[in-house]
file query.cif (mmCIF, C-alpha atoms)
data_final
#
loop_
_atom_site.label_atom_id
_atom_site.label_comp_id
_atom_site.auth_asym_id
_atom_site.auth_seq_id
_atom_site.Cartn_x
_atom_site.Cartn_y
_atom_site.Cartn_z
CA MET A 1 29.32 86.72 49.41
CA LYS A 2 32.93 87.02 50.65
CA ILE A 3 34.90 83.78 50.50
CA LYS A 4 36.13 82.46 53.87
CA SER A 5 39.35 80.50 53.36
CA LEU A 6 41.90 78.63 55.48
CA ASP A 7 44.57 80.10 53.20
CA PRO A 8 45.66 83.53 54.49
CA ARG A 9 46.58 84.68 50.97
CA ILE A 10 43.07 83.94 49.73
CA GLU A 11 41.56 85.61 52.81
CA ARG A 12 43.56 88.77 52.04
CA ALA A 13 42.37 88.78 48.41
CA GLN A 14 38.77 89.30 49.66
CA LEU A 15 37.25 87.22 46.87
CA ASP A 16 33.58 87.36 46.12
CA SER A 17 31.73 84.13 45.29
CA ASP A 18 29.28 86.03 43.07
CA SER A 19 32.03 87.44 40.86
CA GLN A 20 31.55 86.97 37.13
CA GLU A 21 35.06 88.12 36.17
CA GLY A 22 37.79 86.16 34.43
CA MET A 23 35.86 85.06 31.33
CA ASN A 24 38.04 84.50 28.23
CA SER A 25 37.44 85.91 24.76
CA PRO A 26 38.72 84.28 21.56
CA MET A 27 42.56 84.34 21.28
CA ASP A 28 43.01 85.30 24.95
CA GLN A 29 45.05 82.10 25.13
CA PHE A 30 47.08 82.96 22.02
CA GLN A 31 48.07 80.89 19.00
CA THR A 32 49.75 77.49 19.21
CA TYR A 33 53.33 76.43 18.52
CA GLU A 34 54.58 72.88 18.00
CA VAL A 35 57.61 71.95 20.10
CA PHE A 36 60.59 69.86 18.98
CA GLU A 37 63.16 68.70 21.48
CA GLN A 38 66.73 67.52 20.94
CA LYS A 39 67.78 65.38 23.87
CA LYS A 40 71.45 65.05 22.95
CA ARG A 41 73.79 66.63 20.43
CA GLY A 42 73.98 64.44 17.35
CA THR A 43 70.39 63.20 17.60
CA HIS A 44 67.28 64.39 15.77
CA HIS A 45 64.85 66.93 17.17
CA ILE A 46 61.65 65.08 18.05
CA HIS A 47 58.12 66.47 18.28
CA VAL A 48 56.94 66.45 21.91
CA GLY A 49 53.74 68.53 21.91
CA SER A 50 52.52 72.09 21.67
CA VAL A 51 52.24 75.30 23.68
CA HIS A 52 50.14 78.45 23.50
CA ALA A 53 52.13 81.66 23.19
CA PRO A 54 51.89 85.15 21.69
CA ASN A 55 55.25 84.91 19.92
CA ALA A 56 58.11 82.50 19.19
CA GLU A 57 60.34 83.80 21.95
CA LEU A 58 57.75 83.23 24.68
CA ALA A 59 56.78 79.93 23.06
CA SER A 60 60.34 78.75 23.65
CA VAL A 61 60.19 79.89 27.29
CA PHE A 62 56.92 78.00 27.84
CA ALA A 63 58.28 74.98 25.94
CA LYS A 64 61.28 74.89 28.26
CA GLU A 65 59.02 74.96 31.34
CA GLN A 66 56.58 72.45 29.88
CA TYR A 67 58.75 69.85 28.18
CA THR A 68 62.18 69.93 29.82
CA ARG A 69 61.36 69.63 33.52
CA ARG A 70 62.82 66.12 33.57
CA GLY A 71 65.80 64.49 31.91
CA GLN A 72 68.19 65.93 29.42
CA CYS A 73 67.67 68.48 26.66
CA VAL A 74 70.21 70.49 24.67
CA ASN A 75 68.02 72.32 22.16
CA LEU A 76 64.41 73.28 21.45
CA TRP A 77 62.61 74.35 18.31
CA VAL A 78 59.19 76.00 18.28
CA VAL A 79 57.22 76.30 15.03
CA PRO A 80 53.83 78.00 14.56
CA THR A 81 51.33 75.17 14.13
CA ALA A 82 49.85 76.95 11.13
CA ALA A 83 53.24 76.72 9.37
CA ILE A 84 53.22 72.91 9.32
CA TYR A 85 51.90 71.21 6.23
CA ALA A 86 50.88 67.66 7.08
CA THR A 87 49.76 64.74 4.92
CA ALA A 88 46.26 63.47 5.63
CA TYR A 89 45.78 60.13 7.35
CA GLU A 90 43.22 59.16 4.75
CA ASP A 91 46.01 59.46 2.17
CA ALA A 92 48.19 56.96 4.03
CA ASP A 93 48.01 54.74 0.94
CA ILE A 94 50.71 56.92 -0.65
CA PHE A 95 53.18 55.12 1.62
CA GLU A 96 51.79 51.65 0.94
CA THR A 97 54.08 50.72 -1.95
CA THR A 98 57.24 51.54 -0.01
CA PRO A 99 57.82 47.97 1.25
CA SER A 100 57.28 46.52 -2.21
CA LYS A 101 60.10 48.54 -3.78
CA TYR A 102 62.50 45.60 -3.62
CA HIS A 103 65.03 47.36 -5.86
CA ARG A 104 65.80 49.61 -2.84
CA ASP A 105 66.44 46.64 -0.60
CA PRO A 106 70.11 45.62 -0.37
CA GLU A 107 68.98 42.07 0.41
CA SER A 108 67.42 41.83 -3.05
CA TYR A 109 70.86 41.92 -4.73
CA LYS A 110 72.19 38.34 -4.87
CA VAL A 111 75.66 38.86 -6.39
CA MET A 112 77.21 35.94 -4.51
CA ASP A 113 74.81 33.49 -6.17
CA ARG A 114 75.83 34.77 -9.56
CA ILE A 115 79.58 34.70 -8.75
CA GLN A 116 79.30 31.12 -7.46
CA ALA A 117 77.45 30.05 -10.61
CA PHE A 118 80.02 31.80 -12.77
CA LYS A 119 82.93 30.13 -10.96
CA GLN A 120 81.33 26.67 -11.24
CA LYS A 121 80.88 27.17 -14.96
CA GLN A 122 84.55 28.23 -15.36
CA ASN A 123 85.82 25.18 -13.48
CA ALA A 124 83.56 22.78 -15.26
CA MET B 1 46.35 63.79 39.62
CA TYR B 2 42.81 63.25 38.62
CA GLY B 3 39.44 61.71 39.41
CA SER B 4 37.64 59.53 36.94
CA ALA B 5 35.32 61.31 34.55
CA TYR B 6 31.92 61.42 36.12
CA ILE B 7 29.35 60.02 33.74
CA ASP B 8 26.04 61.59 34.64
CA PRO B 9 23.54 58.73 35.05
CA ASN B 10 20.85 61.00 33.60
CA THR B 11 22.64 61.31 30.26
CA GLN B 12 20.36 60.04 27.53
CA PHE B 13 21.96 57.48 25.26
CA GLU B 14 20.71 58.16 21.77
CA GLY B 15 22.49 55.45 19.84
CA TYR B 16 26.11 55.72 18.83
CA LEU B 17 25.75 56.94 15.27
CA ALA B 18 24.59 60.52 14.79
CA PRO B 19 22.21 61.25 11.89
CA GLY B 20 24.11 61.24 8.63
CA GLU B 21 27.10 59.25 9.93
CA ASP B 22 28.31 56.50 7.63
CA PRO B 23 28.19 52.94 9.08
CA ALA B 24 31.08 51.93 6.80
CA LEU B 25 33.31 54.60 8.36
CA LEU B 26 32.20 53.39 11.79
CA ALA B 27 33.19 49.82 10.90
CA GLU B 28 36.63 51.01 9.78
CA PHE B 29 36.99 53.10 12.95
CA GLU B 30 36.04 50.18 15.19
CA ALA B 31 38.34 47.79 13.34
CA ARG B 32 41.24 50.18 13.87
CA ILE B 33 40.57 50.34 17.61
CA ALA B 34 40.06 46.58 17.88
CA ALA B 35 43.48 46.12 16.20
CA GLY B 36 45.06 48.27 18.94
CA ASP B 37 45.74 51.22 16.63
CA LYS B 38 45.35 54.78 17.86
CA ILE B 39 42.90 57.34 16.50
CA GLU B 40 44.53 60.64 15.49
CA PRO B 41 42.94 64.12 15.49
CA ARG B 42 42.13 64.36 11.79
CA ASP B 43 40.75 60.82 11.48
CA TRP B 44 37.04 60.28 11.03
CA MET B 45 35.39 59.58 14.37
CA PRO B 46 31.78 59.27 15.56
CA ALA B 47 30.37 62.48 17.08
CA LEU B 48 29.70 60.60 20.32
CA TYR B 49 33.38 59.57 20.58
CA ARG B 50 34.50 63.15 20.04
CA LYS B 51 32.00 64.53 22.53
CA GLN B 52 32.79 62.03 25.27
CA LEU B 53 36.56 62.46 24.83
CA ILE B 54 36.37 66.26 24.94
CA ARG B 55 34.34 66.01 28.12
CA MET B 56 36.67 63.52 29.74
CA ILE B 57 39.98 65.15 28.78
CA GLU B 58 38.65 68.59 29.63
CA GLN B 59 37.50 67.41 33.07
CA HIS B 60 40.91 65.86 33.56
CA ALA B 61 42.65 69.14 32.63
CA HIS B 62 40.42 71.12 35.00
CA SER B 63 41.20 68.62 37.77
CA GLU B 64 44.91 69.21 37.34
CA ILE B 65 44.64 72.97 37.46
CA ILE B 66 42.18 73.02 40.37
CA GLY B 67 44.08 70.18 42.09
CA ALA B 68 47.09 72.48 42.33
CA LEU B 69 45.14 74.76 44.71
CA PRO B 70 44.68 72.65 47.89
CA GLU B 71 48.36 71.69 47.79
CA GLY B 72 49.57 75.10 46.68
CA THR B 73 48.11 76.46 49.91
CA TRP B 74 50.89 74.74 51.83
CA ILE B 75 53.88 75.97 49.80
CA THR B 76 54.39 79.06 51.94
CA ARG B 77 54.10 77.02 55.14
CA ALA B 78 55.93 73.82 54.13
CA PRO B 79 58.07 72.47 57.00
CA GLY B 80 61.63 72.89 55.72
CA PHE B 81 63.32 73.98 52.53
CA ARG B 82 63.54 70.61 50.81
CA ARG B 83 59.83 69.96 51.24
CA LYS B 84 59.04 73.47 49.99
CA LEU B 85 61.13 72.87 46.84
CA ALA B 86 59.51 69.48 46.27
CA LEU B 87 55.99 70.83 46.77
CA MET B 88 56.61 73.73 44.38
CA ALA B 89 57.92 71.27 41.79
CA LYS B 90 54.88 69.04 42.27
CA VAL B 91 52.43 71.91 41.92
CA GLN B 92 54.26 73.12 38.82
CA ASP B 93 53.94 69.59 37.39
CA GLU B 94 50.19 69.59 37.99
CA VAL B 95 49.73 72.88 36.17
CA GLY B 96 51.94 71.58 33.36
CA HIS B 97 49.74 68.47 33.17
CA ALA B 98 46.70 70.69 32.80
CA GLN B 99 48.31 72.34 29.78
CA LEU B 100 49.17 69.01 28.15
CA LEU B 101 45.58 67.90 28.62
CA TYR B 102 44.01 71.14 27.40
CA ASN B 103 46.12 70.71 24.25
CA ALA B 104 44.93 67.12 23.81
CA ALA B 105 41.28 68.18 24.20
CA GLU B 106 41.87 71.10 21.84
CA THR B 107 42.88 68.73 19.02
CA LEU B 108 39.24 67.58 19.09
CA GLY B 109 38.00 71.06 18.26
CA LYS B 110 37.17 72.86 21.51
CA SER B 111 39.23 75.98 22.15
CA ARG B 112 41.11 76.51 25.39
CA GLU B 113 39.15 79.73 25.98
CA ASP B 114 35.87 77.78 25.81
CA MET B 115 37.16 75.14 28.19
CA ILE B 116 38.28 77.74 30.75
CA ASN B 117 34.95 79.54 30.47
CA ASP B 118 33.03 76.30 31.01
CA LEU B 119 35.12 75.64 34.10
CA LEU B 120 34.40 79.12 35.49
CA THR B 121 30.65 78.91 34.91
CA GLY B 122 30.47 75.41 36.40
CA LYS B 123 29.30 73.90 33.12
CA SER B 124 32.18 71.44 33.10
CA LYS B 125 33.32 69.62 36.21
CA TYR B 126 36.60 68.65 37.81
CA SER B 127 37.47 65.92 40.25
CA ASN B 128 35.35 66.09 43.33
CA VAL B 129 38.20 65.59 45.81
CA PHE B 130 39.49 69.09 45.18
CA ASN B 131 36.40 70.61 46.72
CA TYR B 132 37.72 69.69 50.16
CA PRO B 133 40.16 71.81 52.17
CA ALA B 134 43.72 70.82 53.12
CA MET B 135 43.36 71.67 56.82
CA THR B 136 46.90 70.82 57.93
CA TRP B 137 50.28 69.93 56.46
CA ALA B 138 49.33 66.28 57.00
CA ASP B 139 46.39 66.73 54.61
CA SER B 140 48.80 67.83 51.91
CA ALA B 141 50.84 64.69 52.61
CA VAL B 142 47.76 62.45 52.34
CA ILE B 143 46.73 64.17 49.09
CA ALA B 144 50.19 63.80 47.57
CA TRP B 145 50.34 60.12 48.45
CA LEU B 146 46.84 58.72 48.14
CA ILE B 147 45.06 61.04 45.71
CA ASP B 148 48.03 60.83 43.39
CA ALA B 149 48.10 57.04 43.82
CA ALA B 150 44.43 56.82 42.89
CA ALA B 151 45.04 59.13 39.95
CA ILE B 152 47.86 56.92 38.73
CA VAL B 153 45.59 53.84 38.74
CA ASN B 154 43.13 55.76 36.62
CA GLN B 155 45.68 57.40 34.32
CA LEU B 156 47.61 54.20 33.64
CA ALA B 157 44.35 52.58 32.53
CA ASN B 158 43.42 55.56 30.36
CA SER B 159 46.86 55.78 28.76
CA LYS B 160 45.98 52.49 26.98
CA GLY B 161 42.95 54.23 25.47
CA SER B 162 42.37 54.73 21.76
CA TYR B 163 42.89 58.47 21.29
CA GLY B 164 46.52 59.20 20.35
CA PRO B 165 46.98 62.71 21.80
CA TYR B 166 45.39 61.72 25.15
CA SER B 167 47.55 58.58 25.42
CA ARG B 168 50.71 60.52 24.68
CA ALA B 169 49.84 63.19 27.26
CA LEU B 170 49.12 60.49 29.85
CA ASP B 171 52.39 58.67 29.23
CA ARG B 172 54.25 61.86 30.00
CA ILE B 173 52.03 62.59 33.01
CA CYS B 174 52.37 59.10 34.51
CA ALA B 175 56.15 59.29 34.24
CA GLU B 176 56.13 62.54 36.24
CA GLU B 177 53.61 61.32 38.82
CA SER B 178 56.00 58.71 40.17
CA PHE B 179 57.93 61.44 42.01
CA HIS B 180 54.67 62.78 43.48
CA LEU B 181 53.78 59.39 44.87
CA LYS B 182 57.21 58.86 46.45
CA TYR B 183 57.21 62.38 47.84
CA GLY B 184 53.74 61.90 49.34
CA HIS B 185 54.62 58.50 50.80
CA ASP B 186 57.79 59.95 52.31
CA ASN B 187 55.79 62.73 53.99
CA VAL B 188 53.16 60.37 55.38
CA VAL B 189 55.80 57.93 56.65
CA PHE B 190 57.72 60.78 58.28
CA LEU B 191 54.63 61.86 60.23
CA ALA B 192 53.45 58.33 60.98
CA THR B 193 56.82 57.37 62.45
CA GLY B 194 57.26 60.67 64.29
CA THR B 195 56.07 62.11 67.61
CA PRO B 196 52.62 61.23 69.02
CA LYS B 197 51.41 64.68 67.90
CA GLN B 198 52.62 64.04 64.34
CA ARG B 199 50.98 60.61 64.29
CA GLN B 200 47.76 62.13 65.47
CA MET B 201 47.93 64.77 62.73
CA VAL B 202 48.36 62.23 59.95
CA GLN B 203 45.68 59.94 61.40
CA GLU B 204 43.18 62.80 61.51
CA ALA B 205 44.00 63.82 57.95
CA LEU B 206 43.55 60.25 56.75
CA THR B 207 40.19 59.99 58.50
CA ARG B 208 39.06 63.26 56.90
CA TRP B 209 40.14 62.17 53.41
CA TRP B 210 38.85 58.61 53.42
CA GLU B 211 35.36 59.35 52.13
CA PRO B 212 36.57 61.66 49.32
CA ILE B 213 39.11 58.96 48.37
CA MET B 214 36.36 56.32 48.24
CA HIS B 215 34.34 58.72 46.10
CA PHE B 216 37.31 59.30 43.83
CA PHE B 217 36.62 56.59 41.24
CA GLY B 218 32.97 57.52 40.99
CA PRO B 219 29.79 55.58 41.83
CA PRO B 220 29.41 51.92 40.84
CA ASP B 221 28.86 51.76 37.09
CA ASN B 222 25.46 50.81 35.91
CA VAL B 223 26.45 48.77 32.89
CA SER B 224 24.44 50.67 30.35
CA GLN B 225 24.67 50.45 26.60
CA HIS B 226 26.42 53.79 26.77
CA THR B 227 29.23 52.47 29.02
CA GLU B 228 29.53 49.39 26.85
CA VAL B 229 30.09 51.44 23.68
CA LEU B 230 32.61 53.70 25.42
CA MET B 231 34.53 50.65 26.57
CA ARG B 232 34.50 49.13 23.09
CA TRP B 233 35.86 52.40 21.71
CA LYS B 234 38.52 52.42 24.44
CA VAL B 235 37.40 55.75 25.83
CA LYS B 236 36.58 54.29 29.23
CA MET B 237 39.12 51.59 30.05
CA ASP B 238 37.75 49.95 33.17
CA THR B 239 34.79 50.16 35.49
CA ASN B 240 34.83 52.52 38.46
CA ASP B 241 34.54 49.58 40.85
CA ASN B 242 37.45 47.68 39.31
CA MET B 243 39.70 50.70 39.61
CA ARG B 244 38.61 51.24 43.22
CA GLN B 245 39.46 47.59 43.95
CA MET B 246 42.91 47.98 42.40
CA PHE B 247 43.58 51.04 44.52
CA LEU B 248 42.38 49.41 47.77
CA ASN B 249 44.45 46.35 47.05
CA MET B 250 47.63 48.33 46.57
CA TYR B 251 47.29 50.95 49.29
CA VAL B 252 45.18 49.73 52.23
CA PRO B 253 47.91 47.24 53.30
CA LYS B 254 50.50 50.03 53.11
CA ILE B 255 48.32 52.26 55.31
CA TRP B 256 47.67 49.54 57.87
CA ASP B 257 51.36 48.67 57.86
CA LEU B 258 52.07 52.11 59.36
CA GLY B 259 49.68 51.31 62.21
CA LEU B 260 47.17 53.87 60.91
CA SER B 261 43.48 53.10 60.82
CA LEU B 262 40.74 53.83 58.32
CA PRO B 263 37.26 54.98 59.36
CA ASP B 264 35.44 51.93 58.00
CA PRO B 265 35.01 49.00 60.41
CA ASP B 266 33.86 46.73 57.57
CA LEU B 267 36.89 47.30 55.35
CA ARG B 268 38.60 43.95 54.74
CA LYS B 269 39.86 41.77 51.95
CA ASN B 270 37.75 38.72 51.29
CA GLU B 271 40.45 36.10 50.80
CA GLU B 272 38.09 33.78 48.90
CA THR B 273 37.01 36.26 46.26
CA GLY B 274 40.19 38.34 46.39
CA LYS B 275 37.95 41.41 46.50
CA TRP B 276 37.85 44.17 49.08
CA GLU B 277 34.66 44.63 51.05
CA TYR B 278 33.77 48.08 52.35
CA THR B 279 30.93 50.31 53.41
CA GLU B 280 29.67 52.23 50.39
CA PRO B 281 30.53 55.90 50.89
CA ASN B 282 27.59 58.27 50.89
CA TRP B 283 26.88 58.83 47.19
CA GLU B 284 24.32 61.51 48.03
CA THR B 285 27.15 63.62 49.50
CA PHE B 286 29.15 62.98 46.33
CA LYS B 287 26.31 64.33 44.17
CA GLN B 288 25.86 67.34 46.44
CA VAL B 289 29.56 68.22 46.23
CA ILE B 290 29.75 67.71 42.46
CA ASN B 291 26.78 70.02 42.05
CA GLY B 292 28.57 72.85 43.79
CA HIS B 293 27.76 72.36 47.48
CA GLY B 294 31.12 71.09 48.78
CA PRO B 295 33.16 73.00 51.34
CA CYS B 296 35.49 74.62 48.77
CA ASN B 297 33.69 74.72 45.39
CA ALA B 298 33.10 78.48 45.56
CA GLU B 299 36.65 79.21 46.71
CA ARG B 300 38.27 77.11 43.97
CA LEU B 301 36.35 78.86 41.21
CA ALA B 302 36.81 82.30 42.74
CA VAL B 303 40.58 81.76 42.83
CA ARG B 304 40.55 80.66 39.16
CA ARG B 305 38.52 83.74 38.24
CA MET B 306 40.99 85.96 40.06
CA ALA B 307 43.93 84.32 38.27
CA GLU B 308 42.32 84.84 34.87
CA GLU B 309 41.38 88.43 35.67
CA LYS B 310 44.70 89.52 37.19
CA GLY B 311 46.73 87.97 34.38
CA ARG B 312 44.64 89.60 31.71
CA TRP B 313 46.55 92.87 31.31
CA VAL B 314 49.79 90.96 30.78
CA ARG B 315 48.22 88.78 28.09
CA ARG B 316 46.62 91.82 26.44
CA ALA B 317 49.95 93.66 26.44
CA ILE B 318 51.71 90.92 24.50
CA LEU B 319 48.88 89.80 22.23
CA LYS B 320 49.43 90.71 18.61
CA GLU B 321 46.27 91.71 16.76
CA ASN B 322 45.06 89.46 13.96
CA THR B 323 47.21 86.46 14.84
CA PRO B 324 45.77 83.39 13.14
CA TYR B 325 44.75 80.48 15.35
CA ALA B 326 45.44 76.84 14.45
CA ILE B 327 44.34 73.72 16.31
CA PRO B 328 47.41 71.89 17.72
CA LEU B 329 48.51 69.12 15.40
CA SER B 330 48.68 66.13 17.69
#

call {"tool": "encode", "arguments": {"input": "query.cif", "output": "structure tokens"}}
result
Amino acid sequence: MKIKSLDPRIERAQLDSDSQEGMNSPMDQFQTYEVFEQKKRGTHHIHVGSVHAPNAELASVFAKEQYTRRGQCVNLWVVPTAAIYATAYEDADIFETTPSKYHRDPESYKVMDRIQAFKQKQNA
Amino acid sequence: MYGSAYIDPNTQFEGYLAPGEDPALLAEFEARIAAGDKIEPRDWMPALYRKQLIRMIEQHAHSEIIGALPEGTWITRAPGFRRKLALMAKVQDEVGHAQLLYNAAETLGKSREDMINDLLTGKSKYSNVFNYPAMTWADSAVIAWLIDAAAIVNQLANSKGSYGPYSRALDRICAEESFHLKYGHDNVVFLATGTPKQRQMVQEALTRWWEPIMHFFGPPDNVSQHTEVLMRWKVKMDTNDNMRQMFLNMYVPKIWDLGLSLPDPDLRKNEETGKWEYTEPNWETFKQVINGHGPCNAERLAVRRMAEEKGRWVRRAILKENTPYAIPLS
């Protein structure tokens, strides 16, 4: 059955409501790229999301349209998702000891205490 | 913009652990959510959580992409250059939101091709409001103001949900929607404070859209065990009725303030309870429209089919054979 529409462009397209066209096959929507945005020179690139694209050049075009419609941006990176090697969340315990490494904490070095004690001993 | 995910009341609730799922993992999962932590794509999650989220995020994505159609109709006929620019930008935003949401759903393991196919065959739904036509320019103004306002109520609630990729997409979406709301309000105010003909146009549009707007948040929730689990897992963040109340409370006074009326003689705020009282919209109509019998269901899907079909040769021309596919990371 022909579609009746208020929109003249859709009327002109003579669409059929029984049409079965338009179905997607695997990879019709391409591979994915992860997008990294640098808001200002001098700052880090930050991950903002992903896009589907057939190649890196188009991925950067889509990334520009998708992630920089508002605000400031000076640079974009796109990286094929498959190229990213990520740690697993269930291995998050590998980061657990970080806070207990007191020898990396500048606060853990109490030189003034030692200097004071030394001076007191000298003057005694 | 978006309508709340429609939970089919006929869905059978079969318990929230699938056969073979480990109760210890479930306890850990629930503790993480209770502590306000987010769940990330490669975390363990119950099959029911995954299934419900895919359904909800996918419906949301479809709503964005279909929602662009009733408004897109008016781009070529927008009154004045500034409004045309603004409407194009808004429609572009909506399509962009669809892409963010498809990516979020994809992290749960359903490919974008499968989601698009399920939209085309009617297997997965989109927000019911987009099955109505935008008859005049005033309809596009009412959509931009009130449908987007309703969507923001819903999306702000959902952005506090437990699934990381969906929350992040919604934060970005909500930030962009604020322009849509202002733009829509500006258009409605312009018509409502204009000539008698303009006032009449916006009043008629409002009258046409009131029932779909009341339908927007979905039927009153029957507080089933299913809903209760989804709320504990922070998939569903509030009841349909609560969100409808929030919307009425924020926007009915603004509508009345313009001297416009709403087609419900019983609509009023009960000052004692603080709740709005209204005539229940016809939920039978809602079901009819969701099941494909609304004024524009066939047109919306036919236009999507055309877009997929006509873009195909371009995609084929640039597709490289044997490219590996990877699920987006987050």

call {"tool": "interface_residues", "arguments": {"input": "query.cif", "of": "chain A", "to": "chain B", "cutoff": "9 Å", "atoms": "all atoms listed in the file", "output": "ChimeraX atom specification"}}
result
/A:3-10,13,15-34,49-55,65-67,69-70,80-82,84,86,88-90

call {"tool": "atom_distance", "arguments": {"input": "query.cif", "atom1": "CA of Lys160 in chain B", "atom2": "CA of Gly36 in chain B"}}
result
9.1 Å

call {"tool": "closest_residue", "arguments": {"input": "query.cif", "among": "B:Cys174, B:Met231, B:Leu262, B:Met45", "to": "Glu211 in chain B", "atoms": "only C-alpha atoms"}}
result
B:Leu262

call {"tool": "resolve_selection", "arguments": {"input": "query.cif", "expression": "the PyMOL selection byres ((chain B and resi 84) around 12)", "output": "list in words"}}
result
Glu71, Gly72, Thr73, Trp74, Ile75, Thr76, Arg77, Ala78, Pro79, Gly80, Phe81, Arg82, Arg83, Leu85, Ala86, Leu87, Met88, Ala89, Lys90, Val91, Trp137, Ser140, Tyr183 and Asn187 of chain B

call {"tool": "residues_around", "arguments": {"input": "query.cif", "residues": "Trp233 in chain B", "least_positions_apart": "5", "cutoff": "7 Å", "atoms": "all atoms listed in the file", "output": "PyMOL selection string"}}
result
chain B and resi 30+33+162

call {"tool": "closest_residue", "arguments": {"input": "query.cif", "among": "B:Ile66, B:Val142, B:Val129, B:Leu17", "to": "Phe286 in chain B", "atoms": "all atoms listed in the file"}}
result
B:Val129

call {"tool": "atom_distance", "arguments": {"input": "query.cif", "atom1": "CA of Ala68 in chain B", "atom2": "CA of Tyr132 in chain B"}}
result
12.5 Å

call {"tool": "axis_aligned_box", "arguments": {"input": "query.cif", "around": "range 12-29 of chain A", "padding_each_side": "5 Å", "output": "JSON"}}
result
{"center_x": 37.2, "center_y": 85.7, "center_z": 36.7, "size_x": 25.8, "size_y": 17.2, "size_z": 40.8}

call {"tool": "residues_around", "arguments": {"input": "query.cif", "residues": "Gln200 in chain B", "least_positions_apart": "6", "cutoff": "10 Å", "atoms": "only C-alpha atoms", "output": "PyMOL selection string"}}
result
chain B and resi 138+191-192+194+206+260

call {"tool": "residues_around", "arguments": {"input": "query.cif", "residues": "Pro46 in chain B", "least_positions_apart": "3", "cutoff": "9 Å", "atoms": "only C-alpha atoms", "output": "JSON, numbers by chain"}}
result
{"B": [16, 17, 18, 21, 25, 26, 29, 49, 50, 51]}

call {"tool": "residues_around", "arguments": {"input": "query.cif", "residues": "Gln72 in chain A", "least_positions_apart": "6", "cutoff": "9 Å", "atoms": "only C-alpha atoms", "output": "number ranges by chain"}}
result
A: 38-40

call {"tool": "atom_distance", "arguments": {"input": "query.cif", "atom1": "CA of Asp266 in chain B", "atom2": "CA of Met243 in chain B"}}
result
19.3 Å

call {"tool": "closest_residue", "arguments": {"input": "query.cif", "among": "B:Leu69, B:Ala157, B:Ala47, B:Leu146", "to": "Gly109 in chain B", "atoms": "only C-alpha atoms"}}
result
B:Ala47

call {"tool": "closest_residue", "arguments": {"input": "query.cif", "among": "B:Pro281, B:Pro253, B:Gly184, B:Pro265", "to": "Phe216 in chain B", "atoms": "only C-alpha atoms"}}
result
B:Pro281

call {"tool": "residues_around", "arguments": {"input": "query.cif", "residues": "Val48 in chain A", "least_positions_apart": "4", "cutoff": "7 Å", "atoms": "only C-alpha atoms", "output": "list in words"}}
result
Val35, Phe36 and Glu37 of chain A
